[in-house]
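Asks: Okay, so here is entry_16.txt, and as you'll see once you scroll down, it has compact mmCIF, C-alpha atoms.
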# COMPACT_ATOMS: atom_id res chain seq x y z
CA MET A 199 17.27 41.68 44.81
CA ARG A 200 15.36 42.59 41.65
CA TYR A 201 12.12 44.56 41.90
CA PHE A 202 9.32 44.45 39.36
CA THR A 203 6.99 47.24 38.59
CA ARG A 204 3.39 46.33 38.01
CA ARG A 205 3.95 46.79 34.26
CA THR A 206 6.99 44.47 34.08
CA PHE A 207 5.25 41.89 36.28
CA PHE A 208 2.19 41.75 34.00
CA ALA A 209 4.34 41.73 30.85
CA ALA A 210 6.34 38.77 32.21
CA ALA A 211 3.14 36.95 33.21
CA ALA A 212 1.61 37.51 29.77
CA ALA A 213 4.77 36.21 28.07
CA SER A 214 4.74 33.10 30.27
CA LEU A 215 1.09 32.44 29.47
CA ALA A 216 1.71 32.91 25.75
CA ALA A 217 4.60 30.43 25.86
CA VAL A 218 2.40 27.84 27.60
CA ALA A 219 -0.51 28.41 25.20
CA ALA A 220 1.58 28.21 22.00
CA PRO A 221 1.77 24.37 21.81
CA ALA A 222 -1.98 24.11 22.45
CA GLN A 223 -2.69 26.60 19.69
CA ALA A 224 -0.36 24.76 17.29
CA ALA A 225 -2.08 21.46 18.11
CA GLY A 226 -5.44 23.04 17.32
CA THR A 227 -4.40 23.80 13.74
CA SER A 228 -3.48 20.24 12.70
CA ALA A 229 -5.41 17.00 12.29
CA ILE A 230 -4.67 13.45 11.18
CA VAL A 231 -6.85 11.41 8.81
CA LEU A 232 -6.00 7.73 9.07
CA PHE A 233 -6.76 4.54 7.23
CA SER A 234 -4.72 1.53 8.34
CA ARG A 235 -5.60 -2.06 7.61
CA THR A 236 -2.63 -3.83 9.21
CA GLY A 237 -1.66 -1.26 11.85
CA ASN A 238 1.66 -0.19 10.32
CA THR A 239 0.45 3.26 9.28
CA ARG A 240 -1.40 3.58 12.61
CA ILE A 241 1.99 3.44 14.37
CA LEU A 242 3.10 6.52 12.41
CA ALA A 243 -0.20 8.39 12.92
CA GLU A 244 -0.17 7.79 16.67
CA HIS A 245 3.42 8.99 16.87
CA ILE A 246 2.51 12.16 14.97
CA ALA A 247 -0.44 12.70 17.33
CA ALA A 248 1.82 12.29 20.37
CA ARG A 249 4.35 14.77 18.96
CA THR A 250 1.93 17.41 17.64
CA GLY A 251 -1.21 17.04 19.76
CA ALA A 252 -3.25 16.64 16.56
CA PRO A 253 -6.40 14.51 16.84
CA ILE A 254 -6.76 11.35 14.75
CA PHE A 255 -9.85 10.90 12.59
CA GLU A 256 -10.09 7.35 11.30
CA ILE A 257 -11.93 6.53 8.10
CA GLU A 258 -13.37 3.11 7.37
CA PRO A 259 -15.01 1.58 4.33
CA ALA A 260 -18.74 0.95 4.79
CA VAL A 261 -18.13 -2.62 3.62
CA PRO A 262 -14.87 -3.98 5.04
CA TYR A 263 -12.29 -5.65 2.85
CA ALA A 264 -11.85 -9.42 2.93
CA GLU A 265 -10.01 -10.68 6.02
CA SER A 266 -7.66 -12.81 3.93
CA TYR A 267 -4.68 -10.74 2.81
CA SER A 268 -4.49 -12.42 -0.60
CA ASP A 269 -8.23 -11.92 -1.21
CA MET A 270 -7.95 -8.29 -0.09
CA THR A 271 -5.01 -7.58 -2.38
CA TYR A 272 -6.83 -9.04 -5.38
CA ILE A 273 -9.79 -6.71 -4.69
CA ALA A 274 -7.52 -3.73 -4.01
CA GLN A 275 -5.56 -4.30 -7.22
CA SER A 276 -8.76 -4.35 -9.24
CA GLU A 277 -10.03 -1.16 -7.56
CA ILE A 278 -6.74 0.68 -8.08
CA ARG A 279 -6.59 -0.27 -11.76
CA SER A 280 -10.14 0.99 -12.36
CA ASP A 281 -9.67 4.12 -10.17
CA ALA A 282 -12.65 2.92 -8.10
CA ARG A 283 -14.07 4.54 -4.98
CA ARG A 284 -15.54 2.82 -1.94
CA GLU A 285 -18.38 4.07 0.16
CA LEU A 286 -17.10 5.14 3.56
CA LYS A 287 -18.79 4.92 6.93
CA LYS A 288 -20.36 8.26 7.68
CA PRO A 289 -20.08 10.89 8.87
CA LEU A 290 -16.77 11.96 7.44
CA PRO A 291 -14.64 14.02 9.80
CA ASP A 292 -15.25 17.77 9.67
CA LEU A 293 -11.83 19.34 9.23
CA SER A 294 -13.01 22.90 8.61
CA ARG A 295 -11.20 24.23 11.70
CA TYR A 296 -7.83 22.69 10.79
CA ARG A 297 -5.27 24.21 8.41
CA LYS A 298 -2.79 21.33 8.25
CA VAL A 299 -3.85 17.72 7.67
CA PHE A 300 -1.74 14.59 7.80
CA ILE A 301 -3.07 12.05 5.27
CA CYS A 302 -1.96 8.70 6.74
CA GLY A 303 -2.60 5.54 4.79
CA PRO A 304 -0.81 2.68 3.03
CA LEU A 305 0.06 2.39 -0.62
CA TRP A 306 -1.62 -0.42 -2.51
CA TRP A 307 -0.32 -1.58 -5.86
CA GLY A 308 1.81 1.52 -6.27
CA ALA A 309 -0.97 4.00 -5.47
CA LEU A 310 -2.80 5.57 -2.55
CA ASN A 311 -5.27 3.09 -1.03
CA VAL A 312 -8.89 3.23 -2.18
CA PRO A 313 -10.51 4.26 1.14
CA MET A 314 -8.18 7.29 1.37
CA ARG A 315 -8.79 8.08 -2.31
CA SER A 316 -12.52 7.94 -1.60
CA TYR A 317 -12.10 10.25 1.39
CA LEU A 318 -10.03 12.81 -0.51
CA ALA A 319 -12.54 12.82 -3.37
CA GLU A 320 -15.41 13.58 -0.94
CA ALA A 321 -13.78 15.81 1.68
CA LYS A 322 -13.78 19.57 1.49
CA LEU A 323 -10.08 20.30 1.96
CA SER A 324 -9.47 23.23 -0.38
CA GLY A 325 -6.97 25.72 1.02
CA LYS A 326 -5.42 23.26 3.47
CA GLU A 327 -1.85 22.00 3.66
CA LEU A 328 -1.70 18.22 3.27
CA PHE A 329 1.16 16.11 4.60
CA PRO A 330 1.07 12.56 3.14
CA VAL A 331 2.37 9.83 5.46
CA THR A 332 2.46 6.32 4.06
CA THR A 333 3.70 2.78 4.37
CA SER A 334 3.83 -0.04 1.87
CA GLY A 335 4.93 -3.61 1.46
CA SER A 336 6.66 -3.19 -1.87
CA SER A 337 5.46 0.04 -3.52
CA SER A 338 7.57 3.17 -3.71
CA PRO A 339 5.93 6.55 -3.09
CA GLU A 340 6.42 8.20 -6.50
CA ILE A 341 2.71 8.34 -7.33
CA LEU A 342 1.55 9.30 -3.82
CA VAL A 343 1.84 13.08 -4.07
CA ARG A 344 0.37 13.04 -7.58
CA ASP A 345 -2.65 11.06 -6.32
CA VAL A 346 -3.18 13.44 -3.41
CA LYS A 347 -2.92 16.54 -5.65
CA ARG A 348 -5.36 15.06 -8.17
CA LEU A 349 -7.91 14.08 -5.51
CA ALA A 350 -7.61 17.20 -3.36
CA PRO A 351 -7.39 20.15 -5.76
CA GLY A 352 -6.87 23.51 -4.15
CA CYS A 353 -4.61 22.08 -1.44
CA LYS A 354 -0.94 22.60 -0.94
CA VAL A 355 0.59 19.11 -0.83
CA ARG A 356 3.85 18.93 1.09
CA ARG A 357 6.69 16.43 0.87
CA GLU A 358 5.65 12.92 1.87
CA PHE A 359 6.96 10.61 4.56
CA TRP A 360 7.26 6.99 3.43
CA VAL A 361 8.67 3.83 4.95
CA PRO A 362 8.15 0.13 4.28
CA GLY A 363 5.38 -1.09 6.56
CA SER A 364 7.67 -3.56 8.30
CA GLU A 365 9.91 -0.64 9.32
CA ALA A 366 7.19 1.64 10.74
CA ARG A 367 8.12 1.11 14.39
CA SER A 368 11.87 1.45 13.78
CA SER A 369 11.46 4.65 11.71
CA LEU A 370 10.11 6.96 14.42
CA GLY A 371 13.38 8.89 14.64
CA GLU A 372 13.18 9.54 10.89
CA LEU A 373 9.56 10.58 11.34
CA ASP A 374 10.59 13.06 14.03
CA ALA A 375 13.18 14.55 11.66
CA TRP A 376 10.56 14.81 8.90
CA LEU A 377 8.11 16.50 11.29
CA LYS A 378 10.78 19.02 12.27
CA ALA A 379 11.72 19.68 8.64
CA SER A 380 7.99 20.11 7.86
CA GLY A 381 7.62 22.80 10.52
CA PHE A 382 6.13 20.81 13.41
Write the structure described by the file as C-alpha cells, please.
Replies:
Amino acid sequence: MRYFTRRTFFAAAAASLAAVAAPAQAAGTSAIVLFSRTGNTRILAEHIAARTGAPIFEIEPAVPYAESYSDMTYIAQSEIRSDARRELKKPLPDLSRYRKVFICGPLWWGALNVPMRSYLAEAKLSGKELFPVTTSGSSSPEILVRDVKRLAPGCKVRREFWVPGSEARSSLGELDAWLKASGF
C-alpha cells in the first residue's frame, strides 16, 4: 500500500487539475471566423471547432449575394477584379482575447472571397496568428496566403488548408493531420 504525505497529495491533485484545465485554456486562445455561402467551408469550420473547442464567429454581407449561383459568380468575379469590399452586418466579432484565428472561407475566381476580404480589411488582428482554411470549386490556393497577408498586416499567416469544396466532408482526416501539424 502506498501512502501519500499531504504535500504529495496536493501536488498530485494540482497536476490532475492542470491536466484537465489545459484543453479549456487552449480552446480559449483560438477562434474561427467563417464565411460560407454553400456550406462546404462550414463543414471544415465546424470540424475545427469540434476538435479545438474554438468558437465560430460568422460574418455576413449586409446585402446578401444573388441566390442564383451564376448571378452570384458574375457579381463575385467583378468584385474580385476590382478589389472591391462589401459592407458587412455589424457588429464584427471582437477577437481581442484570441491569439490564433482560423480564417475559413471559399476562394472565388482564384482569390479570397470578398466578404472575408472586407472582414480582414476592417478587423483589428495585428499580432495574431492566422490559419487560412478554404474550399473552392476550381481555384487553387496560391493567392490565398498573399491575400491574407496583404489584408491583415502585422499578423503571422500560417500554412493554409485547402480542398475542393466537393471534397470537404471526405477531407476531415486530412484536416485533422493539418491541425496536428499546425500545433492544435
Asks: Determine, counting all atoms listed in the file, which protein, DNA and RNA residues have an atom within 12 Å of an atom of stretch 283-297 of chain A; residues of the same chain fewer than 3 positions away are not included. Present the result as an MDAnalysis selection string.
Replies: chainID A and resid 223:233 252:263 273:274 276:280 300 310:329 349 353:354
Asks: Using all atoms listed in the file for the distances, tell me which of A:Ala379, A:Cys302, A:Ala264, A:Phe359 is nearest to A:Thr239.
Replies: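 Among A:Ala379, A:Cys302, A:Ala264, A:Phe359, it is A:Cys302 that comes nearest to A:Thr239.
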Asks: Quick one: pull the distance between atom CA of A:Ser369 and atom CA of A:Gly335, Å, one decimal.
Replies: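 A separation of 14.7 Å between them.
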Asks: Which residue is closest to A:Thr236? Choose from A:Glu340, A:Asp345, A:Glu265, A:Asp374 and count all atoms listed in the file.
Replies: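 Distance minimum relative to A:Thr236 lands on A:Glu265.
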Asks: Using only C-alpha atoms, which of A:Ala375, A:Val331, A:Lys347, A:Trp307 sits nearest A:Thr271?
Replies: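 Going through A:Ala375, A:Val331, A:Lys347, A:Trp307 one by one, the smallest distance to A:Thr271 is for A:Trp307.
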Asks: Determine the nearest neighbour of A:Gly251 from the options A:Val361, A:Pro351, A:Phe382, A:Gly303, counting all atoms listed in the file.
Replies: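 Closest residue, counting all atoms listed in the file: A:Phe382.
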Asks: I'd like the interatomic distance between atom CA of A:Leu242 and atom CA of A:Thr333, to a tenth of an Å.
Replies: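 If I compute the distance from atom CA of A:Leu242 to atom CA of A:Thr333, I get 8.9 Å.
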Asks: My list of candidates is A:Ala282, A:Ile246, A:Met270, A:Leu342. Which is closest to A:Arg356 when distances are computed with only C-alpha atoms?
Replies: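 Going through A:Ala282, A:Ile246, A:Met270, A:Leu342 one by one, the smallest distance to A:Arg356 is for A:Leu342.
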Asks: Kindly give the distance, in Å, that separates atom CA of A:Ser234 and atom CA of A:Ile341, rounded to a single decimal.
Replies: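 Interatomic distance here is 18.6 Å.
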Asks: Excluding same-chain residues fewer than 6 positions from A:Ser334, what lies within 6 Å of it counting only C-alpha atoms, as a ChimeraX atom specification?
Replies: /A:304-305,362-363
